[in-house]
file target33.cif (mmCIF, C-alpha atoms)
data_work
#
loop_
_atom_site.label_atom_id
_atom_site.label_comp_id
_atom_site.auth_asym_id
_atom_site.auth_seq_id
_atom_site.Cartn_x
_atom_site.Cartn_y
_atom_site.Cartn_z
CA ASP A 1 -12.11 6.73 -77.10
CA ALA A 2 -13.21 6.56 -73.48
CA LYS A 3 -16.05 8.79 -72.35
CA THR A 4 -15.37 11.59 -69.87
CA THR A 5 -17.62 13.13 -67.24
CA GLN A 6 -17.13 16.67 -65.99
CA PRO A 7 -19.20 18.99 -63.80
CA THR A 8 -21.27 21.41 -65.83
CA SER A 9 -20.00 24.50 -64.06
CA MET A 10 -17.70 25.69 -61.30
CA ASP A 11 -16.83 28.97 -59.64
CA CYS A 12 -13.45 30.03 -58.34
CA ALA A 13 -12.23 33.16 -56.59
CA GLU A 14 -9.57 35.16 -58.35
CA GLY A 15 -6.11 34.32 -57.03
CA ARG A 16 -7.18 30.97 -55.67
CA ALA A 17 -6.43 27.58 -57.20
CA ALA A 18 -9.04 26.18 -59.55
CA ASN A 19 -9.35 22.39 -59.41
CA LEU A 20 -11.32 20.93 -62.29
CA PRO A 21 -12.17 17.22 -62.00
CA CYS A 22 -12.71 14.74 -64.78
CA ASN A 23 -13.87 11.16 -64.61
CA HIS A 24 -12.72 8.68 -67.27
CA SER A 25 -13.37 5.34 -65.66
CA THR A 26 -13.23 3.34 -68.91
CA ILE A 27 -9.86 4.68 -70.05
CA SER A 28 -7.59 2.11 -71.63
CA GLY A 29 -3.84 1.72 -71.38
CA ASN A 30 -2.89 3.58 -74.54
CA GLU A 31 -5.24 6.52 -74.05
CA TYR A 32 -3.98 9.94 -73.02
CA VAL A 33 -5.84 12.59 -71.07
CA TYR A 34 -5.90 16.00 -72.74
CA TRP A 35 -7.20 19.29 -71.46
CA TYR A 36 -8.27 22.19 -73.64
CA ARG A 37 -10.12 25.37 -72.84
CA GLN A 38 -12.25 27.63 -74.97
CA ILE A 39 -12.72 31.26 -74.19
CA HIS A 40 -15.94 32.62 -75.59
CA SER A 41 -16.18 31.69 -79.30
CA GLN A 42 -12.42 31.48 -79.80
CA GLY A 43 -10.62 28.33 -80.92
CA PRO A 44 -9.90 25.78 -78.20
CA GLN A 45 -6.55 26.32 -76.52
CA TYR A 46 -4.39 23.35 -75.59
CA ILE A 47 -3.46 23.28 -71.92
CA ILE A 48 -1.77 20.03 -70.99
CA HIS A 49 -1.87 16.27 -71.48
CA GLY A 50 -0.61 13.15 -69.76
CA LEU A 51 -0.66 9.36 -69.76
CA LYS A 52 -0.20 8.26 -66.17
CA ASN A 53 2.31 10.55 -64.51
CA ASN A 54 1.43 13.95 -63.15
CA GLU A 55 2.37 16.76 -65.48
CA THR A 56 3.05 20.45 -65.03
CA ASN A 57 3.66 23.26 -67.45
CA GLU A 58 3.50 27.04 -67.36
CA MET A 59 -0.27 27.04 -67.52
CA ALA A 60 -1.42 24.24 -65.26
CA SER A 61 -0.83 20.95 -63.50
CA LEU A 62 -2.48 17.66 -64.34
CA ILE A 63 -2.95 15.09 -61.61
CA ILE A 64 -3.94 11.60 -62.77
CA THR A 65 -4.99 9.02 -60.20
CA GLU A 66 -3.00 5.82 -59.94
CA ASP A 67 -5.82 3.75 -61.47
CA ARG A 68 -6.12 6.41 -64.23
CA LYS A 69 -9.88 6.54 -63.83
CA SER A 70 -9.96 10.21 -63.00
CA SER A 71 -7.84 13.33 -63.24
CA THR A 72 -7.77 16.90 -62.00
CA LEU A 73 -6.61 19.99 -63.82
CA ILE A 74 -5.19 22.59 -61.46
CA LEU A 75 -4.85 26.26 -62.35
CA PRO A 76 -2.68 27.41 -59.44
CA HIS A 77 -3.67 31.09 -59.30
CA ALA A 78 -6.84 31.69 -61.30
CA THR A 79 -7.34 35.06 -62.95
CA LEU A 80 -10.39 36.56 -64.64
CA ARG A 81 -8.81 35.61 -67.98
CA ASP A 82 -9.13 31.94 -67.01
CA THR A 83 -12.92 32.15 -67.27
CA ALA A 84 -13.68 29.64 -70.02
CA VAL A 85 -15.12 26.23 -70.84
CA TYR A 86 -12.62 23.50 -69.97
CA TYR A 87 -12.70 20.22 -71.86
CA CYS A 88 -11.22 16.97 -70.62
CA ILE A 89 -10.64 14.60 -73.55
CA VAL A 90 -9.34 11.08 -73.69
CA ARG A 91 -7.60 10.18 -76.90
CA GLU A 92 -5.85 7.13 -78.22
CA GLY A 93 -2.16 7.59 -78.92
CA THR A 94 -2.32 6.16 -82.43
CA GLY A 95 -4.88 5.57 -85.12
CA ARG A 96 -7.83 7.83 -84.53
CA ARG A 97 -6.55 11.34 -84.11
CA ALA A 98 -9.84 13.16 -83.80
CA LEU A 99 -10.66 14.81 -80.51
CA THR A 100 -14.07 13.95 -79.09
CA PHE A 101 -15.32 16.96 -77.17
CA GLY A 102 -17.97 16.63 -74.48
CA SER A 103 -19.82 19.50 -72.88
CA GLY A 104 -16.92 20.56 -70.67
CA THR A 105 -16.92 22.54 -67.42
CA ARG A 106 -17.74 26.21 -67.51
CA LEU A 107 -15.34 27.84 -65.05
CA GLN A 108 -16.30 31.27 -63.82
CA VAL A 109 -13.53 33.12 -62.00
CA GLN A 110 -15.03 35.66 -59.63
CA PRO A 111 -13.26 38.93 -58.69
CA LYS B 112 6.23 30.21 -84.65
CA ALA B 113 3.04 31.62 -86.06
CA GLY B 114 -0.10 29.84 -85.02
CA VAL B 115 -2.87 28.34 -87.09
CA THR B 116 -4.55 30.90 -89.29
CA GLN B 117 -8.01 30.68 -90.79
CA THR B 118 -9.62 32.85 -93.42
CA PRO B 119 -12.04 34.43 -93.62
CA ARG B 120 -12.92 34.99 -89.97
CA TYR B 121 -16.55 35.80 -90.68
CA LEU B 122 -18.77 34.88 -93.59
CA ILE B 123 -22.42 35.34 -94.46
CA LYS B 124 -24.03 33.22 -97.15
CA THR B 125 -27.53 32.34 -98.24
CA ARG B 126 -29.15 28.92 -98.50
CA GLY B 127 -28.13 26.96 -101.55
CA GLN B 128 -24.81 28.70 -102.00
CA GLN B 129 -21.46 27.05 -101.47
CA VAL B 130 -18.54 28.22 -99.38
CA THR B 131 -14.82 27.56 -99.14
CA LEU B 132 -12.87 28.07 -95.94
CA SER B 133 -9.10 28.11 -95.69
CA CYS B 134 -6.65 26.99 -93.03
CA SER B 135 -2.88 27.47 -92.83
CA PRO B 136 -1.31 25.15 -90.25
CA ILE B 137 1.65 25.84 -88.02
CA SER B 138 4.87 25.71 -90.02
CA GLY B 139 6.12 22.13 -90.22
CA HIS B 140 2.79 20.56 -89.29
CA ARG B 141 1.48 18.08 -91.84
CA SER B 142 -1.89 17.18 -90.35
CA VAL B 143 -4.94 19.42 -90.54
CA SER B 144 -8.27 18.56 -88.95
CA TRP B 145 -11.55 20.37 -89.29
CA TYR B 146 -14.29 20.66 -86.67
CA GLN B 147 -17.74 22.19 -86.59
CA GLN B 148 -19.09 23.85 -83.46
CA THR B 149 -22.77 24.62 -83.02
CA PRO B 150 -24.74 25.44 -79.85
CA GLY B 151 -26.84 22.32 -80.25
CA GLN B 152 -24.22 19.70 -81.18
CA GLY B 153 -21.08 21.15 -79.65
CA LEU B 154 -17.70 20.51 -81.24
CA GLN B 155 -17.77 17.76 -83.82
CA PHE B 156 -15.00 16.33 -85.96
CA LEU B 157 -15.39 16.70 -89.72
CA PHE B 158 -12.23 15.24 -91.28
CA GLU B 159 -8.46 15.10 -91.10
CA TYR B 160 -5.89 15.47 -93.85
CA PHE B 161 -2.29 14.34 -93.72
CA SER B 162 0.15 14.72 -96.60
CA GLU B 163 -2.68 15.66 -98.98
CA THR B 164 -4.72 12.53 -98.15
CA GLN B 165 -7.87 12.30 -96.09
CA ARG B 166 -6.93 10.08 -93.18
CA ASN B 167 -10.02 10.22 -91.03
CA LYS B 168 -13.61 11.32 -91.49
CA GLY B 169 -16.46 12.19 -89.16
CA ASN B 170 -20.15 11.61 -89.64
CA PHE B 171 -21.12 14.46 -91.93
CA PRO B 172 -22.94 14.43 -95.29
CA GLY B 173 -21.08 14.52 -98.57
CA ARG B 174 -21.81 18.24 -98.93
CA PHE B 175 -18.84 18.74 -96.63
CA SER B 176 -15.54 18.11 -98.35
CA GLY B 177 -11.96 19.15 -98.01
CA ARG B 178 -8.54 18.99 -99.49
CA GLN B 179 -4.96 19.62 -98.56
CA PHE B 180 -2.23 21.11 -100.69
CA SER B 181 1.43 20.18 -100.90
CA ASN B 182 2.32 23.05 -98.53
CA SER B 183 -0.10 21.54 -95.95
CA ARG B 184 -2.60 24.36 -96.30
CA SER B 185 -6.13 23.01 -96.31
CA GLU B 186 -9.51 24.08 -97.55
CA MET B 187 -12.94 22.83 -96.69
CA ASN B 188 -15.95 23.29 -98.88
CA VAL B 189 -19.62 23.14 -98.05
CA SER B 190 -21.99 22.92 -100.98
CA THR B 191 -25.71 23.64 -101.08
CA LEU B 192 -25.67 25.46 -97.77
CA GLU B 193 -28.47 24.87 -95.28
CA LEU B 194 -29.50 27.02 -92.34
CA GLY B 195 -28.15 24.35 -90.00
CA ASP B 196 -24.65 24.80 -91.41
CA SER B 197 -24.37 28.06 -89.50
CA ALA B 198 -21.53 27.36 -87.12
CA LEU B 199 -18.00 28.11 -86.03
CA TYR B 200 -15.65 26.08 -88.21
CA LEU B 201 -12.36 25.29 -86.55
CA CYS B 202 -9.14 24.04 -88.02
CA ALA B 203 -6.48 22.28 -85.98
CA SER B 204 -2.95 21.43 -87.01
CA MET B 205 -0.74 18.69 -85.68
CA GLY B 206 2.79 17.54 -86.38
CA GLY B 207 1.80 13.96 -87.09
CA GLY B 208 3.77 12.11 -84.44
CA TYR B 209 2.57 9.49 -81.96
CA THR B 210 1.06 11.78 -79.36
CA ASP B 211 1.23 15.06 -81.16
CA THR B 212 -1.07 17.75 -79.90
CA GLN B 213 -3.69 19.49 -82.00
CA TYR B 214 -3.48 23.28 -82.00
CA PHE B 215 -6.56 25.16 -83.05
CA GLY B 216 -7.01 28.27 -85.12
CA PRO B 217 -9.41 31.08 -84.25
CA GLY B 218 -12.18 29.68 -86.42
CA THR B 219 -14.42 30.95 -89.20
CA ARG B 220 -17.89 32.03 -88.16
CA LEU B 221 -20.30 31.07 -90.96
CA THR B 222 -23.83 32.42 -90.96
CA VAL B 223 -26.31 31.01 -93.46
CA LEU B 224 -29.41 33.15 -94.09
#
call {"tool": "encode", "arguments": {"input": "target33.cif", "output": "structure tokens"}}
result
Amino acid sequence: DAKTTQPTSMDCAEGRAANLPCNHSTISGNEYVYWYRQIHSQGPQYIIHGLKNNETNEMASLIITEDRKSSTLILPHATLRDTAVYYCIVREGTGRRALTFGSGTRLQVQP
Amino acid sequence: KAGVTQTPRYLIKTRGQQVTLSCSPISGHRSVSWYQQTPGQGLQFLFEYFSETQRNKGNFPGRFSGRQFSNSRSEMNVSTLELGDSALYLCASMGGGYTDTQYFGPGTRLTVL
């Protein structure tokens, strides 16, 4: 699976949009971009995933660049409960099903 | 639907003992994966079971083993515990389709003294 690069940490003001970037420049055609978050010592929570089109659900939006080499997770109105470590993961659609977690981005939402 | 459940949530063992952790996947899910999370190594994949067969395995010693039952419930076992096995053990269930998503349980916190 392709390697991902994320900033170590980010701050965001409560009520503002949080934009979390992820670089995956070696992504291949059959690899999906997944986002999970982990709130202190709980199990990772699935947020969203996509292949090449932008995706939106009740939690967030995922914007994938046209060349698929990077993506941005957008939390439209961050709350204190969104403080967590966010993981961007690239995973092949078939075969290997394991998720390879990097270090993620620690998002701190400030009141 | 109920989520992934793991039991016990917390466990304390001593070196040399063995431990068995249990995971019940989301109803209808046939794939169960196990991960270990430590401060030093982060989240690492242990193994995956699908329809009672191990389908994928991470780079862990043979002391770590698992199994899956016909109702998709899974157990993992760690024998001859070492201090370094202290970790959060996470179970994730997945339906088994092409791009199915893994959903994680709350984890079992194992402390080895």
call {"tool": "closest_atom_pairs", "arguments": {"input": "target33.cif", "of": "chain A", "to": "chain B", "cutoff": "12 Å", "atoms": "all atoms listed in the file", "output": "JSON lines"}}
result
{"residue": "A:Asn30", "atom": "CA", "partner": "B:Thr210", "partner_atom": "CA", "distance": 10.3}
{"residue": "A:Glu31", "atom": "CA", "partner": "B:Thr210", "partner_atom": "CA", "distance": 9.8}
{"residue": "A:Tyr32", "atom": "CA", "partner": "B:Thr210", "partner_atom": "CA", "distance": 8.3}
{"residue": "A:Val33", "atom": "CA", "partner": "B:Thr210", "partner_atom": "CA", "distance": 10.8}
{"residue": "A:Tyr34", "atom": "CA", "partner": "B:Thr212", "partner_atom": "CA", "distance": 8.8}
{"residue": "A:Trp35", "atom": "CA", "partner": "B:Thr212", "partner_atom": "CA", "distance": 10.5}
{"residue": "A:Tyr36", "atom": "CA", "partner": "B:Tyr214", "partner_atom": "CA", "distance": 9.7}
{"residue": "A:Arg37", "atom": "CA", "partner": "B:Phe215", "partner_atom": "CA", "distance": 10.8}
{"residue": "A:Gln38", "atom": "CA", "partner": "B:Phe215", "partner_atom": "CA", "distance": 10.2}
{"residue": "A:Ile39", "atom": "CA", "partner": "B:Pro217", "partner_atom": "CA", "distance": 10.6}
{"residue": "A:His40", "atom": "CA", "partner": "B:Pro217", "partner_atom": "CA", "distance": 11.0}
{"residue": "A:Ser41", "atom": "CA", "partner": "B:Leu199", "partner_atom": "CA", "distance": 7.8}
{"residue": "A:Gln42", "atom": "CA", "partner": "B:Pro217", "partner_atom": "CA", "distance": 5.4}
{"residue": "A:Gly43", "atom": "CA", "partner": "B:Pro217", "partner_atom": "CA", "distance": 4.5}
{"residue": "A:Pro44", "atom": "CA", "partner": "B:Phe215", "partner_atom": "CA", "distance": 5.9}
{"residue": "A:Gln45", "atom": "CA", "partner": "B:Phe215", "partner_atom": "CA", "distance": 6.6}
{"residue": "A:Tyr46", "atom": "CA", "partner": "B:Tyr214", "partner_atom": "CA", "distance": 6.5}
{"residue": "A:Ile47", "atom": "CA", "partner": "B:Thr212", "partner_atom": "CA", "distance": 10.0}
{"residue": "A:Ile48", "atom": "CA", "partner": "B:Thr212", "partner_atom": "CA", "distance": 9.2}
{"residue": "A:His49", "atom": "CA", "partner": "B:Thr212", "partner_atom": "CA", "distance": 8.6}
{"residue": "A:Gly50", "atom": "CA", "partner": "B:Thr210", "partner_atom": "CA", "distance": 9.8}
{"residue": "A:Leu51", "atom": "CA", "partner": "B:Thr210", "partner_atom": "CA", "distance": 10.0}
{"residue": "A:Val85", "atom": "CA", "partner": "B:Gly153", "partner_atom": "CA", "distance": 11.8}
{"residue": "A:Tyr87", "atom": "CA", "partner": "B:Leu154", "partner_atom": "CA", "distance": 10.6}
{"residue": "A:Ile89", "atom": "CA", "partner": "B:Thr212", "partner_atom": "CA", "distance": 11.9}
{"residue": "A:Val90", "atom": "CA", "partner": "B:Thr210", "partner_atom": "CA", "distance": 11.9}
{"residue": "A:Arg91", "atom": "CA", "partner": "B:Thr210", "partner_atom": "CA", "distance": 9.1}
{"residue": "A:Glu92", "atom": "CA", "partner": "B:Thr210", "partner_atom": "CA", "distance": 8.4}
{"residue": "A:Gly93", "atom": "CA", "partner": "B:Thr210", "partner_atom": "CA", "distance": 5.3}
{"residue": "A:Thr94", "atom": "CA", "partner": "B:Tyr209", "partner_atom": "CA", "distance": 5.9}
{"residue": "A:Gly95", "atom": "CA", "partner": "B:Tyr209", "partner_atom": "CA", "distance": 9.0}
{"residue": "A:Arg96", "atom": "CA", "partner": "B:Asn167", "partner_atom": "CA", "distance": 7.3}
{"residue": "A:Arg97", "atom": "CA", "partner": "B:Asn167", "partner_atom": "CA", "distance": 7.8}
{"residue": "A:Ala98", "atom": "CA", "partner": "B:Phe156", "partner_atom": "CA", "distance": 6.4}
{"residue": "A:Leu99", "atom": "CA", "partner": "B:Phe156", "partner_atom": "CA", "distance": 7.1}
{"residue": "A:Thr100", "atom": "CA", "partner": "B:Gln155", "partner_atom": "CA", "distance": 7.1}
{"residue": "A:Phe101", "atom": "CA", "partner": "B:Leu154", "partner_atom": "CA", "distance": 5.9}
{"residue": "A:Gly102", "atom": "CA", "partner": "B:Gly153", "partner_atom": "CA", "distance": 7.5}
{"residue": "A:Ser103", "atom": "CA", "partner": "B:Gly153", "partner_atom": "CA", "distance": 7.1}
{"residue": "A:Gly104", "atom": "CA", "partner": "B:Gly153", "partner_atom": "CA", "distance": 9.9}
call {"tool": "residues_around", "arguments": {"input": "target33.cif", "residues": "segment 53-56 of chain A", "least_positions_apart": "6", "cutoff": "9 Å", "atoms": "all atoms listed in the file", "output": "PDB file with C-alpha atoms, in the frame of the given file"}}
result
ATOM      1  CA  LEU A  62      -2.480  17.660 -64.340  1.00  0.00           C
ATOM      2  CA  ILE A  63      -2.950  15.090 -61.610  1.00  0.00           C
ATOM      3  CA  ILE A  64      -3.940  11.600 -62.770  1.00  0.00           C
ATOM      4  CA  THR A  65      -4.990   9.020 -60.200  1.00  0.00           C
ATOM      5  CA  GLU A  66      -3.000   5.820 -59.940  1.00  0.00           C
TER       6      GLU A  66
END
call {"tool": "atom_distance", "arguments": {"input": "target33.cif", "atom1": "atom CA of Lys124 of chain B", "atom2": "atom CA of Asn188 of chain B"}}
result
12.9 Å
call {"tool": "atom_distance", "arguments": {"input": "target33.cif", "atom1": "atom CA of Gly127 of chain B", "atom2": "atom CA of Phe180 of chain B"}}
result
26.6 Å
call {"tool": "residues_around", "arguments": {"input": "target33.cif", "residues": "segment 128-137 of chain B", "least_positions_apart": "3", "cutoff": "7 Å", "atoms": "only C-alpha atoms", "output": "list in words"}}
result
Ala113, Gly114, Val115, Thr116, Gln117, Thr118, Pro119, Lys124, Thr125, His140, Val143, Ser183, Arg184, Ser185, Glu186, Met187, Asn188, Val189, Ser190, Thr191, Leu192, Cys202 and Ser204 of chain B
call {"tool": "residues_around", "arguments": {"input": "target33.cif", "residues": "Leu80 of chain A", "least_positions_apart": "4", "cutoff": "12 Å", "atoms": "all atoms listed in the file", "output": "list in words"}}
result
Asp11, Cys12, Ala13, Glu14, Gly15, Arg16, Ala18, Ile39, Leu75, Ala84, Leu107, Gln108, Val109, Gln110 and Pro111 of chain A
call {"tool": "atom_distance", "arguments": {"input": "target33.cif", "atom1": "atom CA of Met10 of chain A", "atom2": "atom CA of Gly151 of chain B"}}
result
21.3 Å
call {"tool": "residues_around", "arguments": {"input": "target33.cif", "residues": "Gly195 of chain B", "least_positions_apart": "4", "cutoff": "10 Å", "atoms": "all atoms listed in the file", "output": "VMD selection string"}}
result
chain B and resid 126 149 222 to 224
call {"tool": "write_last_selection", "arguments": {"input": "target33.cif", "atoms": "C-alpha atoms", "output": "short mmCIF file (atom, residue, chain, number, x, y, z; two decimals), keeping the file's coordinate frame"}}
result
data_model
loop_
_atom_site.label_atom_id
_atom_site.label_comp_id
_atom_site.auth_asym_id
_atom_site.auth_seq_id
_atom_site.Cartn_x
_atom_site.Cartn_y
_atom_site.Cartn_z
CA ARG B 126 -29.15 28.92 -98.50
CA THR B 149 -22.77 24.62 -83.02
CA THR B 222 -23.83 32.42 -90.96
CA VAL B 223 -26.31 31.01 -93.46
CA LEU B 224 -29.41 33.15 -94.09
#
call {"tool": "closest_residue", "arguments": {"input": "target33.cif", "among": "A:Thr5, A:Ile27, A:Thr83, A:Cys88", "to": "Arg106 of chain A", "atoms": "all atoms listed in the file"}}
result
A:Thr83
call {"tool": "closest_residue", "arguments": {"input": "target33.cif", "among": "B:Phe161, B:Arg141, B:Leu221, B:Glu193", "to": "Arg174 of chain B", "atoms": "only C-alpha atoms"}}
result
B:Glu193
call {"tool": "closest_residue", "arguments": {"input": "target33.cif", "among": "A:Thr105, A:Ser9, A:Ser61, A:Asn23", "to": "Pro76 of chain A", "atoms": "only C-alpha atoms"}}
result
A:Ser61
call {"tool": "closest_residue", "arguments": {"input": "target33.cif", "among": "A:Thr8, A:Ala17, A:Lys3, A:Cys22", "to": "Thr79 of chain A", "atoms": "all atoms listed in the file"}}
result
A:Ala17
call {"tool": "resolve_selection", "arguments": {"input": "target33.cif", "expression": "the PyMOL selection byres ((chain B and resi 163) around 7)", "output": "NGL selection string"}}
result
:B and (160-162 or 164-165 or 178-181)
